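Pasted below: start22.cif, mmCIF, C-alpha atoms.
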```
data_data
#
loop_
_atom_site.group_PDB
_atom_site.id
_atom_site.type_symbol
_atom_site.label_atom_id
_atom_site.label_comp_id
_atom_site.auth_asym_id
_atom_site.auth_seq_id
_atom_site.Cartn_x
_atom_site.Cartn_y
_atom_site.Cartn_z
ATOM 1 C CA MET A 1 166.392 53.958 51.538
ATOM 2 C CA ILE A 2 166.589 57.199 49.567
ATOM 3 C CA ILE A 3 163.385 58.813 48.295
ATOM 4 C CA SER A 4 163.651 61.954 46.173
ATOM 5 C CA VAL A 5 160.763 64.341 45.515
ATOM 6 C CA ALA A 6 161.051 66.171 42.210
ATOM 7 C CA SER A 7 159.023 68.115 39.666
ATOM 8 C CA GLY A 8 159.534 69.185 36.086
ATOM 9 C CA LYS A 9 158.541 72.748 36.964
ATOM 10 C CA GLY A 10 158.427 74.972 40.009
ATOM 11 C CA GLY A 11 155.306 75.639 42.044
ATOM 12 C CA THR A 12 153.752 72.174 41.865
ATOM 13 C CA GLY A 13 153.953 71.496 45.618
ATOM 14 C CA LYS A 14 157.169 69.475 45.715
ATOM 15 C CA THR A 15 158.343 70.803 49.091
ATOM 16 C CA THR A 16 154.839 70.368 50.489
ATOM 17 C CA ILE A 17 154.897 66.675 49.582
ATOM 18 C CA ALA A 18 158.447 66.129 50.858
ATOM 19 C CA THR A 19 157.889 67.738 54.267
ATOM 20 C CA ASN A 20 154.494 66.124 54.877
ATOM 21 C CA LEU A 21 155.865 62.717 53.907
ATOM 22 C CA ALA A 22 158.810 63.113 56.283
ATOM 23 C CA LEU A 23 156.540 64.003 59.174
ATOM 24 C CA SER A 24 154.200 61.097 58.388
ATOM 25 C CA ILE A 25 156.767 58.306 58.187
ATOM 26 C CA ALA A 26 158.893 59.251 61.201
ATOM 27 C CA PRO A 27 156.544 57.633 63.755
ATOM 28 C CA ILE A 28 156.095 54.528 61.555
ATOM 29 C CA ASN A 29 159.823 54.031 61.366
ATOM 30 C CA LYS A 30 160.243 54.523 65.113
ATOM 31 C CA LYS A 31 157.460 52.051 65.894
ATOM 32 C CA ARG A 32 159.079 49.369 63.753
ATOM 33 C CA THR A 33 162.393 49.847 65.514
ATOM 34 C CA LEU A 34 160.768 49.492 68.944
ATOM 35 C CA LYS A 35 159.327 46.160 67.833
ATOM 36 C CA GLY A 36 162.811 44.871 67.074
ATOM 37 C CA SER A 37 162.821 45.484 63.342
ATOM 38 C CA ALA A 38 166.160 46.011 61.581
ATOM 39 C CA THR A 39 164.852 49.305 60.240
ATOM 40 C CA ASN A 40 166.747 52.267 61.658
ATOM 41 C CA SER A 41 164.655 55.041 63.195
ATOM 42 C CA ASN A 42 166.740 57.800 61.606
ATOM 43 C CA ILE A 43 164.918 60.081 59.201
ATOM 44 C CA LEU A 44 167.211 62.355 57.221
ATOM 45 C CA PHE A 45 165.736 65.267 55.258
ATOM 46 C CA LEU A 46 167.934 66.934 52.623
ATOM 47 C CA ASP A 47 166.770 70.173 51.027
ATOM 48 C CA CYS A 48 168.788 70.230 47.808
ATOM 49 C CA ASP A 49 166.864 73.124 46.273
ATOM 50 C CA VAL A 50 169.889 75.229 47.180
ATOM 51 C CA GLU A 51 168.934 78.305 45.159
ATOM 52 C CA GLU A 52 165.777 78.745 47.220
ATOM 53 C CA PRO A 53 165.578 76.263 50.120
ATOM 54 C CA ASN A 54 162.327 76.566 52.040
ATOM 55 C CA ALA A 55 161.672 73.186 53.692
ATOM 56 C CA HIS A 56 162.962 74.659 56.965
ATOM 57 C CA ILE A 57 159.914 76.934 57.056
ATOM 58 C CA PHE A 58 157.701 73.872 57.557
ATOM 59 C CA LEU A 59 159.945 71.515 59.545
ATOM 60 C CA LYS A 60 161.430 74.298 61.704
ATOM 61 C CA PRO A 61 164.762 72.647 62.562
ATOM 62 C CA LYS A 62 167.183 73.985 65.139
ATOM 63 C CA PHE A 63 170.484 74.427 63.335
ATOM 64 C CA LYS A 64 173.648 73.436 65.182
ATOM 65 C CA LYS A 65 176.364 73.289 62.522
ATOM 66 C CA THR A 66 177.331 75.380 59.501
ATOM 67 C CA TYR A 67 179.872 74.456 56.832
ATOM 68 C CA GLN A 68 181.330 76.407 53.939
ATOM 69 C CA VAL A 69 181.123 75.043 50.406
ATOM 70 C CA THR A 70 184.051 76.022 48.208
ATOM 71 C CA ILE A 71 185.327 75.294 44.724
ATOM 72 C CA PRO A 72 188.951 75.623 43.540
ATOM 73 C CA VAL A 73 189.680 78.566 41.243
ATOM 74 C CA PRO A 74 192.966 79.442 39.529
ATOM 75 C CA GLU A 75 195.540 81.909 40.814
ATOM 76 C CA VAL A 76 198.365 82.924 38.468
ATOM 77 C CA ASP A 77 201.954 83.515 39.540
ATOM 78 C CA LYS A 78 202.947 86.222 37.051
ATOM 79 C CA ARG A 79 206.623 85.718 37.848
ATOM 80 C CA LYS A 80 206.434 82.301 36.189
ATOM 81 C CA CYS A 81 203.787 82.993 33.533
ATOM 82 C CA THR A 82 204.989 83.356 29.921
ATOM 83 C CA TYR A 83 201.498 84.287 28.652
ATOM 84 C CA CYS A 84 201.491 81.341 26.273
ATOM 85 C CA GLY A 85 197.703 81.020 26.402
ATOM 86 C CA LYS A 86 197.561 77.268 27.109
ATOM 87 C CA CYS A 87 195.246 77.934 30.052
ATOM 88 C CA VAL A 88 192.857 79.801 27.757
ATOM 89 C CA GLU A 89 192.817 76.905 25.300
ATOM 90 C CA VAL A 90 191.933 74.324 27.934
ATOM 91 C CA CYS A 91 189.236 76.363 29.731
ATOM 92 C CA GLN A 92 185.811 75.471 28.346
ATOM 93 C CA TYR A 93 184.070 78.123 30.433
ATOM 94 C CA ASN A 94 186.005 81.234 29.321
ATOM 95 C CA ALA A 95 187.103 81.849 32.891
ATOM 96 C CA ILE A 96 190.641 82.864 31.832
ATOM 97 C CA ALA A 97 191.835 85.442 29.312
ATOM 98 C CA VAL A 98 195.351 86.515 28.320
ATOM 99 C CA VAL A 99 195.441 90.160 27.258
ATOM 100 C CA LYS A 100 198.640 92.177 26.569
ATOM 101 C CA ASN A 101 200.968 90.333 28.929
ATOM 102 C CA ASN A 102 198.295 90.023 31.557
ATOM 103 C CA VAL A 103 196.139 87.122 32.714
ATOM 104 C CA LEU A 104 192.559 87.859 33.707
ATOM 105 C CA ILE A 105 190.651 85.425 35.936
ATOM 106 C CA PHE A 106 186.841 85.414 36.072
ATOM 107 C CA PRO A 107 186.065 83.331 39.209
ATOM 108 C CA GLU A 108 182.292 83.393 38.669
ATOM 109 C CA LEU A 109 182.729 81.528 35.380
ATOM 110 C CA CYS A 110 185.153 78.938 36.738
ATOM 111 C CA ASN A 111 183.831 75.402 37.084
ATOM 112 C CA GLY A 112 186.710 74.274 39.325
ATOM 113 C CA CYS A 113 187.857 71.524 36.949
ATOM 114 C CA GLY A 114 191.582 72.165 37.574
ATOM 115 C CA GLY A 115 192.536 71.752 33.907
ATOM 116 C CA CYS A 116 194.394 75.039 33.672
ATOM 117 C CA SER A 117 196.716 74.328 36.600
ATOM 118 C CA LEU A 118 197.274 70.775 35.405
ATOM 119 C CA LEU A 119 198.291 71.735 31.868
ATOM 120 C CA CYS A 120 200.203 74.965 32.516
ATOM 121 C CA PRO A 121 203.715 74.287 31.044
ATOM 122 C CA GLU A 122 205.355 76.750 33.468
ATOM 123 C CA ASP A 123 203.551 75.510 36.592
ATOM 124 C CA ALA A 124 202.425 79.106 37.069
ATOM 125 C CA ILE A 125 198.834 78.334 38.094
ATOM 126 C CA SER A 126 197.814 77.159 41.543
ATOM 127 C CA GLU A 127 194.351 76.846 43.036
ATOM 128 C CA ILE A 128 192.675 78.748 45.836
ATOM 129 C CA LYS A 129 189.312 78.083 47.481
ATOM 130 C CA ARG A 130 186.337 80.316 46.754
ATOM 131 C CA GLU A 131 183.182 80.082 48.843
ATOM 132 C CA ILE A 132 180.012 79.604 46.799
ATOM 133 C CA GLY A 133 177.551 78.604 49.531
ATOM 134 C CA ILE A 134 176.957 77.056 52.926
ATOM 135 C CA ILE A 135 175.505 73.882 54.441
ATOM 136 C CA GLU A 136 173.399 74.103 57.599
ATOM 137 C CA GLU A 137 172.716 71.026 59.699
ATOM 138 C CA GLY A 138 170.241 70.593 62.536
ATOM 139 C CA ARG A 139 167.303 68.635 63.864
ATOM 140 C CA ALA A 140 163.534 68.957 63.707
ATOM 141 C CA ASP A 141 162.238 66.650 66.449
ATOM 142 C CA ALA A 142 162.764 63.124 65.080
ATOM 143 C CA ILE A 143 164.114 64.348 61.741
ATOM 144 C CA ASN A 144 167.753 65.111 60.980
ATOM 145 C CA PHE A 145 167.708 68.126 58.680
ATOM 146 C CA ILE A 146 170.340 69.433 56.248
ATOM 147 C CA HIS A 147 170.017 72.082 53.597
ATOM 148 C CA GLY A 148 172.333 74.004 51.323
ATOM 149 C CA LYS A 149 172.279 77.679 50.427
ATOM 150 C CA LEU A 150 173.910 78.933 47.249
ATOM 151 C CA ASN A 151 175.374 82.409 47.691
ATOM 152 C CA ILE A 152 173.504 85.199 45.928
ATOM 153 C CA GLY A 153 174.928 85.779 42.458
ATOM 154 C CA GLU A 154 176.491 82.329 42.175
ATOM 155 C CA VAL A 155 175.469 80.021 39.338
ATOM 156 C CA ARG A 156 177.110 76.680 40.300
ATOM 157 C CA ALA A 157 174.421 74.925 42.333
ATOM 158 C CA THR A 158 175.736 71.407 41.700
ATOM 159 C CA PRO A 159 178.773 71.556 44.053
ATOM 160 C CA VAL A 160 176.522 72.706 46.915
ATOM 161 C CA ILE A 161 174.048 69.894 46.234
ATOM 162 C CA ARG A 162 176.911 67.407 46.117
ATOM 163 C CA SER A 163 178.106 68.642 49.521
ATOM 164 C CA VAL A 164 174.617 68.248 51.005
ATOM 165 C CA LYS A 165 174.356 64.683 49.703
ATOM 166 C CA LEU A 166 177.700 63.682 51.200
ATOM 167 C CA LYS A 167 175.840 63.427 54.508
ATOM 168 C CA VAL A 168 173.800 60.483 53.218
ATOM 169 C CA LYS A 169 176.818 58.201 53.471
ATOM 170 C CA SER A 170 177.054 58.706 57.222
ATOM 171 C CA GLU A 171 173.339 58.236 57.923
ATOM 172 C CA ASN A 172 171.228 55.092 58.128
ATOM 173 C CA GLY A 173 167.472 54.723 57.789
ATOM 174 C CA ILE A 174 165.324 56.771 55.419
ATOM 175 C CA THR A 175 166.499 59.801 53.453
ATOM 176 C CA ILE A 176 164.053 62.189 51.795
ATOM 177 C CA ILE A 177 165.504 64.609 49.250
ATOM 178 C CA ASP A 178 163.716 67.794 48.203
ATOM 179 C CA VAL A 179 165.002 68.187 44.626
ATOM 180 C CA PRO A 180 165.323 71.475 42.684
ATOM 181 C CA PRO A 181 162.621 72.013 40.038
ATOM 182 C CA GLY A 182 163.282 71.306 36.368
ATOM 183 C CA THR A 183 165.438 68.754 34.576
ATOM 184 C CA SER A 184 168.876 70.399 34.469
ATOM 185 C CA CYS A 185 172.233 69.426 36.034
ATOM 186 C CA PRO A 186 171.276 70.303 39.656
ATOM 187 C CA VAL A 187 168.263 67.976 39.360
ATOM 188 C CA ILE A 188 170.429 65.130 38.038
ATOM 189 C CA GLU A 189 172.865 65.571 40.946
ATOM 190 C CA ALA A 190 170.037 65.624 43.501
ATOM 191 C CA VAL A 191 168.120 62.526 42.298
ATOM 192 C CA LYS A 192 171.193 60.439 41.477
ATOM 193 C CA GLY A 193 171.398 57.359 43.688
ATOM 194 C CA SER A 194 167.737 57.477 44.763
ATOM 195 C CA ASP A 195 165.818 54.242 45.296
ATOM 196 C CA PHE A 196 162.577 55.913 44.235
ATOM 197 C CA CYS A 197 161.419 59.310 42.999
ATOM 198 C CA LEU A 198 158.065 61.008 43.530
ATOM 199 C CA LEU A 199 157.209 63.314 40.627
ATOM 200 C CA VAL A 200 154.820 66.066 41.691
ATOM 201 C CA THR A 201 152.798 67.642 38.922
ATOM 202 C CA GLU A 202 149.584 69.542 38.250
ATOM 203 C CA PRO A 203 146.825 68.882 35.667
ATOM 204 C CA THR A 204 147.715 71.730 33.305
ATOM 205 C CA PRO A 205 149.426 71.890 29.881
ATOM 206 C CA PHE A 206 152.624 73.200 31.518
ATOM 207 C CA GLY A 207 152.441 70.492 34.169
ATOM 208 C CA LEU A 208 152.107 67.763 31.544
ATOM 209 C CA ASN A 209 154.890 69.136 29.344
ATOM 210 C CA ASP A 210 157.394 69.303 32.195
ATOM 211 C CA LEU A 211 156.259 65.966 33.634
ATOM 212 C CA ILE A 212 157.110 64.302 30.308
ATOM 213 C CA LEU A 213 160.617 65.817 30.451
ATOM 214 C CA ALA A 214 161.118 64.643 34.046
ATOM 215 C CA VAL A 215 159.932 61.127 33.188
ATOM 216 C CA GLU A 216 162.471 60.932 30.355
ATOM 217 C CA VAL A 217 165.271 61.946 32.730
ATOM 218 C CA LEU A 218 164.372 59.354 35.361
ATOM 219 C CA ARG A 219 164.078 56.618 32.771
ATOM 220 C CA LYS A 220 167.537 57.479 31.480
ATOM 221 C CA LEU A 221 168.875 57.296 35.039
ATOM 222 C CA GLY A 222 167.071 54.019 35.717
ATOM 223 C CA ILE A 223 165.291 55.347 38.830
ATOM 224 C CA PRO A 224 161.781 53.954 39.542
ATOM 225 C CA PHE A 225 159.139 56.621 40.055
ATOM 226 C CA GLY A 226 155.500 57.422 40.628
ATOM 227 C CA VAL A 227 153.374 60.530 40.198
ATOM 228 C CA ILE A 228 151.461 62.733 42.616
ATOM 229 C CA ILE A 229 148.905 65.101 41.076
ATOM 230 C CA ASN A 230 148.481 68.260 43.130
ATOM 231 C CA ARG A 231 145.414 70.494 42.742
ATOM 232 C CA SER A 232 143.967 67.479 40.947
ATOM 233 C CA ASP A 233 140.405 68.796 40.639
ATOM 234 C CA ILE A 234 141.328 71.734 38.393
ATOM 235 C CA GLY A 235 142.700 71.766 34.852
ATOM 236 C CA ASP A 236 142.194 68.807 32.527
ATOM 237 C CA LYS A 237 142.635 65.022 32.503
ATOM 238 C CA LYS A 238 145.608 64.862 30.129
ATOM 239 C CA VAL A 239 148.144 64.160 32.897
ATOM 240 C CA THR A 240 146.067 61.191 34.043
ATOM 241 C CA GLU A 241 145.722 59.957 30.454
ATOM 242 C CA TYR A 242 149.469 60.273 29.893
ATOM 243 C CA CYS A 243 150.290 58.311 33.053
ATOM 244 C CA LYS A 244 147.826 55.588 32.069
ATOM 245 C CA GLN A 245 149.285 55.393 28.573
ATOM 246 C CA GLU A 246 152.858 55.202 29.911
ATOM 247 C CA ARG A 247 151.910 52.827 32.752
ATOM 248 C CA ILE A 248 153.120 55.277 35.373
ATOM 249 C CA PRO A 249 151.531 54.743 38.808
ATOM 250 C CA ILE A 250 149.587 57.705 40.189
ATOM 251 C CA LEU A 251 150.140 57.382 43.926
ATOM 252 C CA MET A 252 148.116 60.296 45.248
ATOM 253 C CA HIS A 253 145.636 63.009 44.235
ATOM 254 C CA ILE A 254 145.590 66.217 46.288
ATOM 255 C CA PRO A 255 142.585 68.478 45.579
ATOM 256 C CA PHE A 256 142.581 72.239 45.412
ATOM 257 C CA ASP A 257 141.737 72.858 49.071
ATOM 258 C CA ARG A 258 141.486 76.236 50.801
ATOM 259 C CA GLU A 259 142.411 74.794 54.222
ATOM 260 C CA ILE A 260 145.569 73.223 52.805
ATOM 261 C CA ALA A 261 146.476 76.533 51.153
ATOM 262 C CA VAL A 262 145.949 78.461 54.400
ATOM 263 C CA THR A 263 148.065 76.073 56.478
ATOM 264 C CA TYR A 264 150.793 76.187 53.796
ATOM 265 C CA SER A 265 150.840 79.991 53.787
ATOM 266 C CA ASN A 266 151.304 79.888 57.574
ATOM 267 C CA GLY A 267 154.219 77.454 57.330
ATOM 268 C CA ILE A 268 152.253 74.539 58.796
ATOM 269 C CA PRO A 269 152.412 71.069 57.158
ATOM 270 C CA PHE A 270 148.818 70.031 56.583
ATOM 271 C CA VAL A 271 149.317 66.500 57.999
ATOM 272 C CA LEU A 272 149.595 68.207 61.399
ATOM 273 C CA TYR A 273 146.333 70.042 60.805
ATOM 274 C CA LYS A 274 144.261 67.386 59.029
ATOM 275 C CA LYS A 275 144.714 63.928 60.548
ATOM 276 C CA ASP A 276 143.117 62.112 57.603
ATOM 277 C CA TRP A 277 145.972 63.344 55.421
ATOM 278 C CA GLY A 278 148.481 61.882 57.852
ATOM 279 C CA LEU A 279 146.941 58.475 57.164
ATOM 280 C CA LYS A 280 147.013 59.092 53.424
ATOM 281 C CA PHE A 281 150.728 59.918 53.506
ATOM 282 C CA LYS A 282 151.432 56.812 55.576
ATOM 283 C CA ASN A 283 149.626 54.824 52.897
ATOM 284 C CA LEU A 284 151.712 56.611 50.267
ATOM 285 C CA TRP A 285 154.839 55.392 52.027
ATOM 286 C CA LEU A 286 153.544 51.812 52.020
ATOM 287 C CA GLN A 287 152.900 52.094 48.271
ATOM 288 C CA ILE A 288 156.468 53.307 47.709
ATOM 289 C CA GLU A 289 157.880 50.402 49.726
ATOM 290 C CA LYS A 290 155.815 47.955 47.672
ATOM 291 C CA LEU A 291 156.939 49.468 44.354
ATOM 292 C CA ILE A 292 160.595 49.323 45.412
ATOM 293 C CA ARG A 293 160.276 45.677 46.427
ATOM 294 C CA ASN A 294 158.665 44.837 43.082
#
```
Show me the file's structure as structure tokens.
Amino acid sequence: MIISVASGKGGTGKTTIATNLALSIAPINKKRTLKGSATNSNILFLDCDVEEPNAHIFLKPKFKKTYQVTIPVPEVDKRKCTYCGKCVEVCQYNAIAVVKNNVLIFPELCNGCGGCSLLCPEDAISEIKREIGIIEEGRADAINFIHGKLNIGEVRATPVIRSVKLKVKSENGITIIDVPPGTSCPVIEAVKGSDFCLLVTEPTPFGLNDLILAVEVLRKLGIPFGVIINRSDIGDKKVTEYCKQERIPILMHIPFDREIAVTYSNGIPFVLYKKDWGLKFKNLWLQIEKLIRN
């Protein structure tokens, strides 16, 4: 089962929800397995917010493996090149320019599509690998943990996210994905294939606006979802009214709480500090299971 945790905007508490949920369901899953259930006890946490991953601050995994993430970029053999400009015509990202019998390559703009090497009439273009980020893999107690890190200055987050998600195929049990904020291509790549998505929002005009965008995306993708309202006792009631109007289930309200804020700022998941919230997150998981079944 794959559960993604997303938000239309940054700063809503998405990572907070994802990490606390992971810590809450791990013992449930293990208990079911000990009773002979077919449910696997593996919990896999994927931090796909590769531009600024921070789930490791709360789960504190011990990393054991590191992988490079690369994309293919063109390399021109000038002995074969006739400077015909076909490569420039096919490149939609302006990553190649032909200037005065010279070919200029701009690797940072390249999307790694391979079109230039495929269509070069002189077979003068080959591809080399360029590192754009890394994947780190480890374990946080009962949770298998993987996150990606996009190199500073890089703009192609999607290939790194895709590399992180490749690990899902080799894992059984429950996967929780911490999705990048927003509704752009990296978000689509991260939520794709999820069985359910938790949308974390806040009761403000910005929160409502970006929630509406995120809802439209998930409906287009055909992924069932529910909403969690963080800092629910501030702002207005328009998010609640919108969810009621659109028949979107609100699965949890989290109030503006000083103790929660203090534990967060110290890198401590609040389910470890406040036991009543551990029970609430377990109940959240049961609600998700019910919605998926229905």
Residues of region 24-120 of chain A that have any atom at most 12 Å from an atom of region 143-160 of chain A: could you tabulate them with the shortest-distance atom pair and the distance in Å to one decimal, using only C-alpha atoms, ordered by chain and increasing number, as a Markdown table?
```
| residue | atom | partner | partner_atom | distance |
| --- | --- | --- | --- | --- |
| A:Ser24 | CA | A:Ile143 | CA | 11.0 |
| A:Ile25 | CA | A:Ile143 | CA | 10.2 |
| A:Ala26 | CA | A:Ile143 | CA | 7.3 |
| A:Pro27 | CA | A:Ile143 | CA | 10.3 |
| A:Asn29 | CA | A:Ile143 | CA | 11.2 |
| A:Lys30 | CA | A:Ile143 | CA | 11.1 |
| A:Ser41 | CA | A:Ile143 | CA | 9.4 |
| A:Asn42 | CA | A:Ile143 | CA | 7.1 |
| A:Ile43 | CA | A:Ile143 | CA | 5.0 |
| A:Leu44 | CA | A:Asn144 | CA | 4.7 |
| A:Phe45 | CA | A:Phe145 | CA | 4.9 |
| A:Leu46 | CA | A:Ile146 | CA | 5.0 |
| A:Asp47 | CA | A:His147 | CA | 4.6 |
| A:Cys48 | CA | A:His147 | CA | 6.2 |
| A:Asp49 | CA | A:Gly148 | CA | 7.5 |
| A:Val50 | CA | A:Lys149 | CA | 4.7 |
| A:Glu51 | CA | A:Leu150 | CA | 5.4 |
| A:Glu52 | CA | A:Lys149 | CA | 7.3 |
| A:Pro53 | CA | A:Lys149 | CA | 6.9 |
| A:Asn54 | CA | A:His147 | CA | 9.0 |
| A:Ala55 | CA | A:His147 | CA | 8.4 |
| A:His56 | CA | A:His147 | CA | 8.2 |
| A:Ile57 | CA | A:His147 | CA | 11.7 |
| A:Phe58 | CA | A:Phe145 | CA | 11.6 |
| A:Leu59 | CA | A:Phe145 | CA | 8.5 |
| A:Lys60 | CA | A:Phe145 | CA | 9.3 |
| A:Pro61 | CA | A:Phe145 | CA | 6.6 |
| A:Lys62 | CA | A:Phe145 | CA | 8.7 |
| A:Phe63 | CA | A:Phe145 | CA | 8.3 |
| A:Lys64 | CA | A:Phe145 | CA | 10.3 |
| A:Lys65 | CA | A:Ile146 | CA | 9.5 |
| A:Thr66 | CA | A:Gly148 | CA | 9.7 |
| A:Tyr67 | CA | A:Gly148 | CA | 9.3 |
| A:Gln68 | CA | A:Val160 | CA | 9.3 |
| A:Val69 | CA | A:Val160 | CA | 6.2 |
| A:Thr70 | CA | A:Pro159 | CA | 8.1 |
| A:Ile71 | CA | A:Pro159 | CA | 7.6 |
| A:Pro72 | CA | A:Pro159 | CA | 11.0 |
| A:Pro107 | CA | A:Glu154 | CA | 10.1 |
| A:Glu108 | CA | A:Glu154 | CA | 6.9 |
| A:Leu109 | CA | A:Val155 | CA | 8.4 |
| A:Cys110 | CA | A:Arg156 | CA | 9.1 |
| A:Asn111 | CA | A:Arg156 | CA | 7.6 |
| A:Gly112 | CA | A:Pro159 | CA | 9.6 |
| A:Cys113 | CA | A:Pro159 | CA | 11.5 |
```
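Take CA of Cys116 (chain A) and CA of Glu89 (chain A): the distance between them is 8.7 Å.
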*Determine the residue set returned by the PyMOL selection byres ((chain A and resi 260) around 12) for the present structure, and present it as a PyMOL selection string.*
chain A and resi 13+16-17+20+230-231+254-259+261-274+277
_Distance query 12 Å from (191.1, 76.1, 26.8) using all atoms listed in the file, result as a PyMOL selection string_ = chain A and resi 84-98+110+113-120
Considering all atoms listed in the file, give me a table of residues in region 189-281 of chain A that are at most 9 Å from region 177-182 of chain A, with the closest atom pair and distance in Å for each, as a Markdown table.
```
| residue | atom | partner | partner_atom | distance |
| --- | --- | --- | --- | --- |
| A:Ala190 | CA | A:Val179 | CA | 5.8 |
| A:Val191 | CA | A:Val179 | CA | 6.9 |
| A:Ser194 | CA | A:Ile177 | CA | 8.7 |
| A:Asp210 | CA | A:Gly182 | CA | 7.5 |
| A:Leu213 | CA | A:Gly182 | CA | 8.5 |
| A:Ala214 | CA | A:Gly182 | CA | 7.4 |
```
